[in-house]
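Contents: one structure, followed by commentary.
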Amino acid sequence: METLLQYINIAGTFAFAISGSLTAMKKKLDPFGILILAFVTSVGGGTIRDMLIEKRTAFWLVELEYLYVIVAGTIFAILFRKKLSYLRKTIMLFDSAGLGLFTIAGVEIALQHGFSDVSCIILGTITGSFGGVIRDIFANEVPVIFRKEIYATVTVLGGICYLLLRKMGFDFILVQLIPVLMIIVLRILAVYYKWSLPLIIVDENEGSERS
């Protein structure tokens, strides 16, 4: 189980490194800026999760292989940037993969530390989505999690699915695989079909008229 969890974390790190790198190149940042954006996208959510878990050191400080994976993902994105020409679609694809992989890894790590189901889902959501939040802030964009586009909602659904499958005694491979694929597919469908939560807008003109 520990080995599989590590593979999931590494795959999520690689996917998010590519996502962050592509965003940085879209913003025309220099190589150092690309690496920094890849780094915060990959480890931002997991770092916040580890800060919230008492006596847990940020994973990338003690497991240096993740830093190598980030560098590899960055170099991959730079070398194949011309083949990854449809930036928005490519960013969304790798971001969705990282979102699914890191969410489930976050839920499992929270379970191993004895948290309740609700707390596990929250920590899974933080692990999956907050790297993207930091990436978007650094790139001077409104984080996708705060827009009308469905993002964090799919991580919550994926976390619930993971816990249910685990409690039902499914094979551990399926318990990991099904929620990850569910998050990826739902995220892609949400973007393609423009699924969104309702917006709540305050009409400033109405307030002015009353005064």
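Please note that chains go A, B, ... in the order of the structure tokens, that every chain numbers its residues from 1, and that ligands are numbered from 1 in the order shown.
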Proximity of segment 82-163 of chain A to segment 53-61 of chain A: per-residue shortest pair, 10 Å limit, only C-alpha atoms, as a tab-separated table:
```
residue	atom	partner	partner_atom	distance
A:Ile109	CA	A:Ile53	CA	9.7
A:Ala110	CA	A:Ile53	CA	8.1
A:His113	CA	A:Ile53	CA	8.0
A:Phe115	CA	A:Ile53	CA	9.5
A:Leu123	CA	A:Ile53	CA	9.2
```
Grab the residues selected above and save them as an mmCIF file, in the first residue's frame with C-alpha atoms.
```
data_model
loop_
_atom_site.group_PDB
_atom_site.id
_atom_site.type_symbol
_atom_site.label_atom_id
_atom_site.label_comp_id
_atom_site.auth_asym_id
_atom_site.auth_seq_id
_atom_site.Cartn_x
_atom_site.Cartn_y
_atom_site.Cartn_z
ATOM 1 C CA ILE A 109 -2.507 10.024 4.243
ATOM 2 C CA ALA A 110 -5.200 11.623 6.419
ATOM 3 C CA HIS A 113 -3.128 9.662 10.739
ATOM 4 C CA PHE A 115 -8.648 11.613 11.017
ATOM 5 C CA LEU A 123 -7.394 17.289 3.552
#
```
Would you mind listing what lies within 7 Å of segment 37-42 of chain A as a list of chain:residue names, with only C-alpha atoms counted and same-chain residues fewer than 3 positions away left out?
A:Thr13, A:Phe16, A:Ala17, A:Ile18, A:Gly20, A:Ser21, A:Ala24, A:Gly33, A:Ile34, A:Ile70, A:Thr74, A:Gly131, A:Gly132, A:Ile134, A:Arg135
Atom CA of Asp50 of chain A to atom CA of Leu163 of chain A, straight-line distance in Å:
20.1 Å
Residue contacts of Val107 of chain A (7 Å, only C-alpha atoms) excluding same-chain residues fewer than 5 positions away, as a ChimeraX atom specification:
/A:120-121,123-124,159
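Of the residues under consideration (A:Phe14, A:Leu157, A:Asp95, A:Phe32), A:Asp95 shows the shortest atom-to-atom contact distance to Asp136 of chain A when counting only C-alpha atoms.
Coordinates place atom CA of Leu29 of chain A at a distance of 16.1 Å from atom CA of Lys82 of chain A.
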Dump as a Markdown table the rows for residues of segment 86-158 of chain A within 9 Å of segment 185-200 of chain A: closest atom pair and distance in Å with one decimal, only C-alpha atoms counted, ordered by chain and rising residue number.
```
| residue | atom | partner | partner_atom | distance |
| --- | --- | --- | --- | --- |
| A:Met92 | CA | A:Ile188 | CA | 7.6 |
| A:Leu93 | CA | A:Ile188 | CA | 7.3 |
| A:Ser96 | CA | A:Arg187 | CA | 6.2 |
| A:Leu99 | CA | A:Arg187 | CA | 8.9 |
| A:Arg147 | CA | A:Ser196 | CA | 8.8 |
| A:Lys148 | CA | A:Ser196 | CA | 5.3 |
| A:Glu149 | CA | A:Ser196 | CA | 4.9 |
| A:Ile150 | CA | A:Ser196 | CA | 5.2 |
| A:Tyr151 | CA | A:Arg187 | CA | 6.7 |
| A:Val154 | CA | A:Leu186 | CA | 6.6 |
```
Write the residues of the preceding selection, restricted to all heavy atoms, as a short mmCIF file (atom, residue, chain, number, x, y, z; two decimals), in the first residue's frame.
```cif
data_model
loop_
_atom_site.label_atom_id
_atom_site.label_comp_id
_atom_site.auth_asym_id
_atom_site.auth_seq_id
_atom_site.Cartn_x
_atom_site.Cartn_y
_atom_site.Cartn_z
N MET A 92 -5.29 21.82 -18.79
CA MET A 92 -6.47 21.25 -18.14
C MET A 92 -6.33 19.74 -17.96
O MET A 92 -6.69 19.18 -16.92
CB MET A 92 -7.72 21.59 -18.95
CG MET A 92 -9.05 21.19 -18.32
SD MET A 92 -9.55 19.51 -18.73
CE MET A 92 -9.85 19.68 -20.49
N LEU A 93 -5.76 19.06 -18.98
CA LEU A 93 -5.61 17.61 -18.91
C LEU A 93 -4.65 17.20 -17.80
O LEU A 93 -4.98 16.35 -16.95
CB LEU A 93 -5.10 17.09 -20.26
CG LEU A 93 -4.85 15.57 -20.34
CD1 LEU A 93 -6.14 14.81 -20.10
CD2 LEU A 93 -4.25 15.20 -21.68
N SER A 96 -6.03 18.05 -14.37
CA SER A 96 -7.06 17.09 -13.94
C SER A 96 -6.41 15.81 -13.41
O SER A 96 -6.87 15.24 -12.41
CB SER A 96 -7.99 16.76 -15.12
OG SER A 96 -8.66 17.90 -15.58
N LEU A 99 -4.95 16.60 -10.07
CA LEU A 99 -6.05 16.79 -9.13
C LEU A 99 -6.55 15.45 -8.60
O LEU A 99 -6.71 15.27 -7.39
CB LEU A 99 -7.19 17.54 -9.84
CG LEU A 99 -8.37 18.00 -8.99
CD1 LEU A 99 -7.95 19.09 -8.01
CD2 LEU A 99 -9.51 18.49 -9.88
N ARG A 147 -13.57 30.23 -9.31
CA ARG A 147 -14.41 30.60 -10.44
C ARG A 147 -15.63 29.71 -10.48
O ARG A 147 -15.76 28.76 -9.71
CB ARG A 147 -13.63 30.47 -11.76
CG ARG A 147 -12.40 31.35 -11.84
CD ARG A 147 -11.70 31.14 -13.18
NE ARG A 147 -10.26 31.22 -13.03
CZ ARG A 147 -9.39 30.66 -13.85
NH1 ARG A 147 -9.82 29.99 -14.89
NH2 ARG A 147 -8.09 30.78 -13.66
N LYS A 148 -16.52 30.00 -11.44
CA LYS A 148 -17.76 29.22 -11.50
C LYS A 148 -17.51 27.79 -11.98
O LYS A 148 -18.35 26.91 -11.81
CB LYS A 148 -18.77 29.91 -12.42
CG LYS A 148 -18.34 30.03 -13.88
CD LYS A 148 -19.41 30.71 -14.71
CE LYS A 148 -19.01 30.80 -16.18
NZ LYS A 148 -20.05 31.42 -17.00
N GLU A 149 -16.35 27.55 -12.62
CA GLU A 149 -16.01 26.23 -13.11
C GLU A 149 -15.93 25.22 -11.96
O GLU A 149 -15.37 25.51 -10.93
CB GLU A 149 -14.63 26.33 -13.78
CG GLU A 149 -14.50 25.56 -15.07
CD GLU A 149 -13.18 25.86 -15.75
OE1 GLU A 149 -12.16 25.28 -15.32
OE2 GLU A 149 -13.18 26.68 -16.68
N ILE A 150 -16.51 24.04 -12.14
CA ILE A 150 -16.46 23.01 -11.10
C ILE A 150 -15.04 22.48 -10.96
O ILE A 150 -14.43 22.05 -11.93
CB ILE A 150 -17.43 21.86 -11.43
CG1 ILE A 150 -18.87 22.34 -11.29
CG2 ILE A 150 -17.18 20.66 -10.51
CD1 ILE A 150 -19.90 21.29 -11.64
N TYR A 151 -14.48 22.53 -9.76
CA TYR A 151 -13.10 22.11 -9.53
C TYR A 151 -13.01 21.36 -8.21
O TYR A 151 -12.83 20.15 -8.17
CB TYR A 151 -12.18 23.33 -9.54
CG TYR A 151 -10.71 23.02 -9.62
CD1 TYR A 151 -10.11 22.69 -10.82
CD2 TYR A 151 -9.91 23.06 -8.48
CE1 TYR A 151 -8.75 22.41 -10.91
CE2 TYR A 151 -8.54 22.78 -8.56
CZ TYR A 151 -7.97 22.47 -9.77
OH TYR A 151 -6.63 22.19 -9.86
N VAL A 154 -15.41 18.24 -7.53
CA VAL A 154 -15.08 16.89 -8.00
C VAL A 154 -14.11 16.18 -7.06
O VAL A 154 -14.13 14.96 -6.93
CB VAL A 154 -14.51 16.91 -9.44
CG1 VAL A 154 -15.52 17.46 -10.42
CG2 VAL A 154 -13.21 17.68 -9.53
#
```
Which residues come within 9 Å of Thr155 of chain A, counting only C-alpha atoms, excluding same-chain residues fewer than 5 positions away, as an NGL selection string?
:A and (99-100 or 103-104 or 121 or 124-125 or 128-129 or 160 or 183)
May I have the residues from that selection written out with all heavy atoms, as a compact mmCIF listing (two decimals), in the first residue's frame?
```txt
# COMPACT_ATOMS: atom_id res chain seq x y z
N LEU A 99 -4.95 16.60 -10.07
CA LEU A 99 -6.05 16.79 -9.13
C LEU A 99 -6.55 15.45 -8.60
O LEU A 99 -6.71 15.27 -7.39
CB LEU A 99 -7.19 17.54 -9.84
CG LEU A 99 -8.37 18.00 -8.99
CD1 LEU A 99 -7.95 19.09 -8.01
CD2 LEU A 99 -9.51 18.49 -9.88
N GLY A 100 -6.78 14.49 -9.52
CA GLY A 100 -7.27 13.19 -9.10
C GLY A 100 -6.27 12.42 -8.27
O GLY A 100 -6.61 11.87 -7.21
N THR A 103 -5.57 14.17 -4.76
CA THR A 103 -6.73 14.13 -3.86
C THR A 103 -6.79 12.80 -3.13
O THR A 103 -6.93 12.76 -1.89
CB THR A 103 -8.04 14.35 -4.65
OG1 THR A 103 -8.03 15.65 -5.23
CG2 THR A 103 -9.25 14.21 -3.72
N ILE A 104 -6.66 11.71 -3.87
CA ILE A 104 -6.75 10.39 -3.26
C ILE A 104 -5.55 10.13 -2.35
O ILE A 104 -5.70 9.54 -1.27
CB ILE A 104 -6.85 9.30 -4.36
CG1 ILE A 104 -8.10 9.54 -5.21
CG2 ILE A 104 -6.87 7.93 -3.74
CD1 ILE A 104 -9.38 9.81 -4.42
N ILE A 121 -11.64 14.05 3.77
CA ILE A 121 -12.09 14.64 2.51
C ILE A 121 -11.57 16.07 2.38
O ILE A 121 -11.13 16.50 1.30
CB ILE A 121 -13.63 14.60 2.42
CG1 ILE A 121 -14.10 13.14 2.29
CG2 ILE A 121 -14.13 15.43 1.23
CD1 ILE A 121 -15.59 12.96 2.42
N GLY A 124 -7.92 15.88 1.63
CA GLY A 124 -7.75 15.43 0.26
C GLY A 124 -8.00 16.55 -0.73
O GLY A 124 -7.27 16.71 -1.72
N THR A 125 -9.02 17.35 -0.47
CA THR A 125 -9.34 18.50 -1.33
C THR A 125 -8.20 19.52 -1.31
O THR A 125 -7.81 20.06 -2.35
CB THR A 125 -10.65 19.16 -0.88
OG1 THR A 125 -11.72 18.20 -1.00
CG2 THR A 125 -10.99 20.37 -1.75
N GLY A 128 -5.24 18.14 -3.28
CA GLY A 128 -5.44 18.13 -4.73
C GLY A 128 -5.53 19.50 -5.37
O GLY A 128 -5.01 19.70 -6.46
N SER A 129 -6.16 20.45 -4.68
CA SER A 129 -6.51 21.71 -5.36
C SER A 129 -5.68 22.93 -4.98
O SER A 129 -5.62 23.89 -5.74
CB SER A 129 -7.99 22.02 -5.12
OG SER A 129 -8.27 22.18 -3.75
N ILE A 160 -15.22 11.11 -1.34
CA ILE A 160 -16.34 10.32 -0.81
C ILE A 160 -16.35 8.94 -1.45
O ILE A 160 -16.54 7.92 -0.76
CB ILE A 160 -17.68 11.05 -1.07
CG1 ILE A 160 -17.75 12.34 -0.23
CG2 ILE A 160 -18.87 10.14 -0.75
CD1 ILE A 160 -18.94 13.22 -0.56
N ILE A 183 -12.51 11.51 -10.77
CA ILE A 183 -12.17 12.93 -10.67
C ILE A 183 -11.71 13.48 -12.01
O ILE A 183 -12.14 14.56 -12.45
CB ILE A 183 -11.09 13.16 -9.59
CG1 ILE A 183 -11.66 12.88 -8.20
CG2 ILE A 183 -10.54 14.59 -9.65
CD1 ILE A 183 -10.62 12.87 -7.09
```
Would you mind listing what lies within 9 Å of Leu165 of chain A as a CSV table (one decimal) with C-alpha atoms, in the first residue's frame, with only C-alpha atoms counted and same-chain residues fewer than 5 positions away left out?
```csv
chain,number,residue,atom,x,y,z
A,160,ILE,CA,-16.3,10.3,-0.8
A,170,PHE,CA,-13.0,-3.5,-2.7
A,171,ASP,CA,-9.6,-4.5,-3.9
A,172,PHE,CA,-7.0,-1.8,-3.0
A,174,LEU,CA,-9.6,-0.5,-7.6
A,175,VAL,CA,-10.1,1.6,-4.5
A,176,GLN,CA,-7.3,3.8,-5.7
A,178,ILE,CA,-11.8,4.3,-9.6
A,179,PRO,CA,-11.9,7.6,-7.6
```
Would you list the contacts of Ile8 of chain A as a list in words, taking every protein, DNA or RNA residue within 9 Å and counting only C-alpha atoms, but skipping same-chain residues closer than 2 positions in sequence?
Thr3, Leu4, Leu5, Gln6, Ile10, Ala11, Gly12, Thr13, Leu101, Phe102, Ile104, Ala105 and Gln176 of chain A
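Shortest separation to Val69 of chain A among A:Asn9, A:Ser119, A:Thr153, A:Asn140 occurs at residue A:Asn9, atoms counted being only C-alpha atoms.
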